[in-house]
Amino acid sequence: MIKKIMVIEDEQILLRALNVELLSQGFEVLSAKDGETGLRLIREEEPELVLLDLILPKLHGFEVLKALKSDEKTKDIPVIILSNLGQDSDIKKAEELGAAGYFVKASTDLSELSNKINKILT
């Protein structure tokens, strides 16, 4: 069975790179460029995992994470944060809200991220 991954990311170049990487790993990729659309699609499509940026138009990533974790239907979907925010307070907040992982964009290579995704999904 092909696993679905939802990518919520507003940077077009990174979104494309993530799509290429995840498709090459055999995942089905859904994407949204803002938090509001992403949240709606997650509820409709029920992906196996979510990659979530924090700085997003319409609905901040932390708000998306809170909404997912407080909803019975989506609370068990693992969420990996992929953000430019690398402060300890942001990482701690993400963990407290239930994120399964946290990657800082500037210091993350896609194979490292793929390994984490595969580890969570197997």
# chains A, B, ... in the order shown; residues from 1 in each chain; ligands from 1
$ residues_around --residues "range 103-107 of chain A" --least-positions-apart "3" --cutoff "6 Å" --atoms "only C-alpha atoms" --output "PDB file with C-alpha atoms, in the first residue's frame"
ATOM      1  CA  LEU A  82      10.431  21.390   9.068  1.00  0.00           C
ATOM      2  CA  SER A  83      11.116  25.028   9.846  1.00  0.00           C
ATOM      3  CA  ASN A  84      13.601  27.887   9.763  1.00  0.00           C
ATOM      4  CA  GLY A  86      15.626  26.676  15.258  1.00  0.00           C
TER       5      GLY A  86
END
$ closest_atom_pairs --of "range 41-61 of chain A" --to "range 22-29 of chain A" --cutoff "12 Å" --atoms "only C-alpha atoms" --output "tab-separated table"
residue	atom	partner	partner_atom	distance
A:Leu41	CA	A:Val29	CA	11.7
A:Ile42	CA	A:Val29	CA	11.7
A:Glu45	CA	A:Val29	CA	10.9
A:Glu46	CA	A:Val29	CA	12.0
A:Pro47	CA	A:Val29	CA	9.0
A:Glu48	CA	A:Phe27	CA	10.0
A:Leu49	CA	A:Val29	CA	10.1
A:Val50	CA	A:Val29	CA	9.9
A:Leu51	CA	A:Val29	CA	10.4
$ closest_residue --among "A:Leu52, A:Glu9, A:Asp88, A:Leu110" --to "Leu68 in chain A" --atoms "only C-alpha atoms"
A:Leu52
$ atom_distance --atom1 "CA of Ser114 in chain A" --atom2 "CA of Glu21 in chain A"
7.9 Å
$ residues_around --residues "Leu39 in chain A" --least-positions-apart "2" --cutoff "12 Å" --atoms "only C-alpha atoms" --output "PyMOL selection string"
chain A and resi 6-8+30-37+41-47+50-52+56+58-69+71+74+79
$ write_last_selection --atoms "C-alpha atoms" --output "PDB file, in the first residue's frame"
ATOM      1  CA  MET A   6       1.008  15.720   3.407  1.00  0.00           C
ATOM      2  CA  VAL A   7       3.550  18.513   2.946  1.00  0.00           C
ATOM      3  CA  ILE A   8       2.505  21.958   4.188  1.00  0.00           C
ATOM      4  CA  LEU A  30      -0.218  15.867  -1.107  1.00  0.00           C
ATOM      5  CA  SER A  31       0.755  19.485  -0.661  1.00  0.00           C
ATOM      6  CA  ALA A  32      -0.580  22.790   0.564  1.00  0.00           C
ATOM      7  CA  LYS A  33       0.981  26.250   0.662  1.00  0.00           C
ATOM      8  CA  ASP A  34      -0.890  27.514   3.724  1.00  0.00           C
ATOM      9  CA  GLY A  35      -1.962  26.130   7.079  1.00  0.00           C
ATOM     10  CA  GLU A  36      -5.696  26.450   6.494  1.00  0.00           C
ATOM     11  CA  THR A  37      -5.681  24.441   3.251  1.00  0.00           C
ATOM     12  CA  LEU A  41      -6.731  18.390   3.251  1.00  0.00           C
ATOM     13  CA  ILE A  42      -5.408  16.371   6.197  1.00  0.00           C
ATOM     14  CA  ARG A  43      -8.950  15.918   7.497  1.00  0.00           C
ATOM     15  CA  GLU A  44     -10.193  14.909   4.024  1.00  0.00           C
ATOM     16  CA  GLU A  45      -7.295  12.710   2.893  1.00  0.00           C
ATOM     17  CA  GLU A  46      -6.039  11.243   6.206  1.00  0.00           C
ATOM     18  CA  PRO A  47      -2.350  10.947   5.275  1.00  0.00           C
ATOM     19  CA  VAL A  50       2.529  15.300   7.848  1.00  0.00           C
ATOM     20  CA  LEU A  51       5.566  17.472   7.105  1.00  0.00           C
ATOM     21  CA  LEU A  52       4.745  20.892   8.503  1.00  0.00           C
ATOM     22  CA  LEU A  56       2.761  29.785   7.029  1.00  0.00           C
ATOM     23  CA  LYS A  58      -3.461  31.929   6.936  1.00  0.00           C
ATOM     24  CA  LEU A  59      -2.770  29.555   9.851  1.00  0.00           C
ATOM     25  CA  HIS A  60       0.554  29.238  11.736  1.00  0.00           C
ATOM     26  CA  GLY A  61       2.126  25.780  11.871  1.00  0.00           C
ATOM     27  CA  PHE A  62       1.740  25.571  15.666  1.00  0.00           C
ATOM     28  CA  GLU A  63      -2.009  26.211  15.237  1.00  0.00           C
ATOM     29  CA  VAL A  64      -2.196  23.431  12.637  1.00  0.00           C
ATOM     30  CA  LEU A  65      -0.327  21.071  14.982  1.00  0.00           C
ATOM     31  CA  LYS A  66      -2.619  21.961  17.916  1.00  0.00           C
ATOM     32  CA  ALA A  67      -5.726  21.404  15.778  1.00  0.00           C
ATOM     33  CA  LEU A  68      -4.465  18.023  14.531  1.00  0.00           C
ATOM     34  CA  LYS A  69      -3.530  16.757  17.974  1.00  0.00           C
ATOM     35  CA  ASP A  71      -8.959  16.155  16.877  1.00  0.00           C
ATOM     36  CA  THR A  74      -6.189  13.156  13.253  1.00  0.00           C
ATOM     37  CA  VAL A  79       3.770  15.335  12.363  1.00  0.00           C
TER      38      VAL A  79
END
$ closest_residue --among "A:Thr122, A:Tyr102, A:Glu11, A:Pro57" --to "Asp90 in chain A" --atoms "only C-alpha atoms"
A:Tyr102
$ closest_residue --among "A:Ile55, A:Leu121, A:Ile80, A:Leu113" --to "Ala100 in chain A" --atoms "only C-alpha atoms"
A:Ile80
$ atom_distance --atom1 "CA of Ser70 in chain A" --atom2 "CA of Ile91 in chain A"
19.1 Å
$ atom_distance --atom1 "CA of Arg16 in chain A" --atom2 "CA of Lys93 in chain A"
27.5 Å
$ residues_around --residues "Ile120 in chain A" --least-positions-apart "3" --cutoff "8 Å" --atoms "only C-alpha atoms" --output "VMD selection string"
chain A and resid 78 116 to 117
$ select_by_dssp --residues "chain A" --states "strand (DSSP E)" --output "PyMOL selection string"
chain A and resi 4-8+28-32+49-52+79-83+101-104
$ closest_residue --among "A:Asp53, A:Asp76, A:Asp109, A:Glu95" --to "Leu15 in chain A" --atoms "only C-alpha atoms"
A:Asp53
$ select_by_dssp --residues "chain A" --states "helix (DSSP H, G or I)" --output "JSON list (two decimals) with C-alpha atoms, in the first residue's frame"
[["chain", "number", "residue", "atom", "x", "y", "z"],
["A", 12, "GLN", "CA", 7.88, 26.74, -3.71],
["A", 13, "ILE", "CA", 11.46, 25.55, -4.27],
["A", 14, "LEU", "CA", 11.54, 23.48, -1.08],
["A", 15, "LEU", "CA", 8.05, 22.13, -1.78],
["A", 16, "ARG", "CA", 9.23, 20.92, -5.20],
["A", 17, "ALA", "CA", 12.39, 19.35, -3.74],
["A", 18, "LEU", "CA", 10.38, 17.55, -1.06],
["A", 19, "ASN", "CA", 7.91, 16.31, -3.68],
["A", 20, "VAL", "CA", 10.70, 14.91, -5.85],
["A", 21, "GLU", "CA", 12.41, 13.23, -2.86],
["A", 22, "LEU", "CA", 9.23, 11.69, -1.45],
["A", 23, "LEU", "CA", 7.91, 10.53, -4.82],
["A", 24, "SER", "CA", 11.28, 8.87, -5.52],
["A", 35, "GLY", "CA", -1.96, 26.13, 7.08],
["A", 36, "GLU", "CA", -5.70, 26.45, 6.49],
["A", 37, "THR", "CA", -5.68, 24.44, 3.25],
["A", 38, "GLY", "CA", -3.28, 21.93, 4.75],
["A", 39, "LEU", "CA", -5.51, 21.30, 7.76],
["A", 40, "ARG", "CA", -8.58, 20.83, 5.55],
["A", 41, "LEU", "CA", -6.73, 18.39, 3.25],
["A", 42, "ILE", "CA", -5.41, 16.37, 6.20],
["A", 43, "ARG", "CA", -8.95, 15.92, 7.50],
["A", 44, "GLU", "CA", -10.19, 14.91, 4.02],
["A", 45, "GLU", "CA", -7.29, 12.71, 2.89],
["A", 61, "GLY", "CA", 2.13, 25.78, 11.87],
["A", 62, "PHE", "CA", 1.74, 25.57, 15.67],
["A", 63, "GLU", "CA", -2.01, 26.21, 15.24],
["A", 64, "VAL", "CA", -2.20, 23.43, 12.64],
["A", 65, "LEU", "CA", -0.33, 21.07, 14.98],
["A", 66, "LYS", "CA", -2.62, 21.96, 17.92],
["A", 67, "ALA", "CA", -5.73, 21.40, 15.78],
["A", 68, "LEU", "CA", -4.47, 18.02, 14.53],
["A", 69, "LYS", "CA", -3.53, 16.76, 17.97],
["A", 88, "ASP", "CA", 15.14, 25.67, 21.67],
["A", 89, "SER", "CA", 11.82, 27.26, 22.72],
["A", 90, "ASP", "CA", 10.28, 26.46, 19.31],
["A", 91, "ILE", "CA", 11.58, 22.89, 19.37],
["A", 92, "LYS", "CA", 10.32, 22.42, 22.94],
["A", 93, "LYS", "CA", 6.89, 23.84, 22.05],
["A", 94, "ALA", "CA", 6.62, 21.50, 19.03],
["A", 95, "GLU", "CA", 7.50, 18.49, 21.20],
["A", 96, "GLU", "CA", 4.99, 19.54, 23.88],
["A", 105, "LYS", "CA", 15.63, 23.65, 7.16],
["A", 106, "ALA", "CA", 19.07, 25.24, 6.94],
["A", 107, "SER", "CA", 20.82, 22.28, 8.54],
["A", 110, "LEU", "CA", 16.70, 15.49, 2.46],
["A", 111, "SER", "CA", 18.14, 12.01, 2.99],
["A", 112, "GLU", "CA", 18.20, 12.64, 6.76],
["A", 113, "LEU", "CA", 14.56, 13.68, 6.60],
["A", 114, "SER", "CA", 13.68, 10.63, 4.46],
["A", 115, "ASN", "CA", 15.32, 8.34, 7.01],
["A", 116, "LYS", "CA", 13.21, 9.84, 9.81],
["A", 117, "ILE", "CA", 10.02, 9.51, 7.72],
["A", 118, "ASN", "CA", 10.79, 5.87, 6.90],
["A", 119, "LYS", "CA", 11.59, 5.11, 10.54],
["A", 120, "ILE", "CA", 8.24, 6.57, 11.69],
["A", 121, "LEU", "CA", 6.21, 4.80, 9.00]]
$ decode --residues "range 20-116 of chain A" --atoms "C-alpha atoms" --output "tab-separated table (two decimals), in the first residue's frame"
chain	number	residue	atom	x	y	z
A	20	VAL	CA	10.70	14.91	-5.85
A	21	GLU	CA	12.41	13.23	-2.86
A	22	LEU	CA	9.23	11.69	-1.45
A	23	LEU	CA	7.91	10.53	-4.82
A	24	SER	CA	11.28	8.87	-5.52
A	25	GLN	CA	10.83	6.97	-2.22
A	26	GLY	CA	7.47	5.68	-3.43
A	27	PHE	CA	5.17	7.90	-1.37
A	28	GLU	CA	2.04	9.63	-2.59
A	29	VAL	CA	2.50	13.36	-1.89
A	30	LEU	CA	-0.22	15.87	-1.11
A	31	SER	CA	0.75	19.49	-0.66
A	32	ALA	CA	-0.58	22.79	0.56
A	33	LYS	CA	0.98	26.25	0.66
A	34	ASP	CA	-0.89	27.51	3.72
A	35	GLY	CA	-1.96	26.13	7.08
A	36	GLU	CA	-5.70	26.45	6.49
A	37	THR	CA	-5.68	24.44	3.25
A	38	GLY	CA	-3.28	21.93	4.75
A	39	LEU	CA	-5.51	21.30	7.76
A	40	ARG	CA	-8.58	20.83	5.55
A	41	LEU	CA	-6.73	18.39	3.25
A	42	ILE	CA	-5.41	16.37	6.20
A	43	ARG	CA	-8.95	15.92	7.50
A	44	GLU	CA	-10.19	14.91	4.02
A	45	GLU	CA	-7.29	12.71	2.89
A	46	GLU	CA	-6.04	11.24	6.21
A	47	PRO	CA	-2.35	10.95	5.28
A	48	GLU	CA	0.00	8.62	7.17
A	49	LEU	CA	2.38	11.49	8.00
A	50	VAL	CA	2.53	15.30	7.85
A	51	LEU	CA	5.57	17.47	7.10
A	52	LEU	CA	4.75	20.89	8.50
A	53	ASP	CA	6.42	24.28	8.18
A	54	LEU	CA	5.73	26.72	11.04
A	55	ILE	CA	5.77	30.11	9.32
A	56	LEU	CA	2.76	29.78	7.03
A	57	PRO	CA	0.10	32.06	5.54
A	58	LYS	CA	-3.46	31.93	6.94
A	59	LEU	CA	-2.77	29.55	9.85
A	60	HIS	CA	0.55	29.24	11.74
A	61	GLY	CA	2.13	25.78	11.87
A	62	PHE	CA	1.74	25.57	15.67
A	63	GLU	CA	-2.01	26.21	15.24
A	64	VAL	CA	-2.20	23.43	12.64
A	65	LEU	CA	-0.33	21.07	14.98
A	66	LYS	CA	-2.62	21.96	17.92
A	67	ALA	CA	-5.73	21.40	15.78
A	68	LEU	CA	-4.47	18.02	14.53
A	69	LYS	CA	-3.53	16.76	17.97
A	70	SER	CA	-6.82	17.85	19.56
A	71	ASP	CA	-8.96	16.16	16.88
A	72	GLU	CA	-9.88	12.51	17.53
A	73	LYS	CA	-9.70	11.74	13.80
A	74	THR	CA	-6.19	13.16	13.25
A	75	LYS	CA	-4.46	13.00	16.64
A	76	ASP	CA	-2.47	9.84	15.81
A	77	ILE	CA	-1.02	11.12	12.52
A	78	PRO	CA	2.71	11.75	13.08
A	79	VAL	CA	3.77	15.33	12.36
A	80	ILE	CA	7.36	16.30	11.55
A	81	ILE	CA	8.16	20.00	11.79
A	82	LEU	CA	10.43	21.39	9.07
A	83	SER	CA	11.12	25.03	9.85
A	84	ASN	CA	13.60	27.89	9.76
A	85	LEU	CA	12.82	28.46	13.45
A	86	GLY	CA	15.63	26.68	15.26
A	87	GLN	CA	15.39	28.09	18.76
A	88	ASP	CA	15.14	25.67	21.67
A	89	SER	CA	11.82	27.26	22.72
A	90	ASP	CA	10.28	26.46	19.31
A	91	ILE	CA	11.58	22.89	19.37
A	92	LYS	CA	10.32	22.42	22.94
A	93	LYS	CA	6.89	23.84	22.05
A	94	ALA	CA	6.62	21.50	19.03
A	95	GLU	CA	7.50	18.49	21.20
A	96	GLU	CA	4.99	19.54	23.88
A	97	LEU	CA	2.29	19.84	21.21
A	98	GLY	CA	3.04	16.31	20.01
A	99	ALA	CA	5.41	16.64	17.03
A	100	ALA	CA	7.19	13.39	16.14
A	101	GLY	CA	10.32	15.21	14.96
A	102	TYR	CA	11.80	18.65	14.34
A	103	PHE	CA	14.18	19.62	11.56
A	104	VAL	CA	15.71	23.03	10.92
A	105	LYS	CA	15.63	23.65	7.16
A	106	ALA	CA	19.07	25.24	6.94
A	107	SER	CA	20.82	22.28	8.54
A	108	THR	CA	18.79	19.38	7.18
A	109	ASP	CA	19.55	17.31	4.14
A	110	LEU	CA	16.70	15.49	2.46
A	111	SER	CA	18.14	12.01	2.99
A	112	GLU	CA	18.20	12.64	6.76
A	113	LEU	CA	14.56	13.68	6.60
A	114	SER	CA	13.68	10.63	4.46
A	115	ASN	CA	15.32	8.34	7.01
A	116	LYS	CA	13.21	9.84	9.81
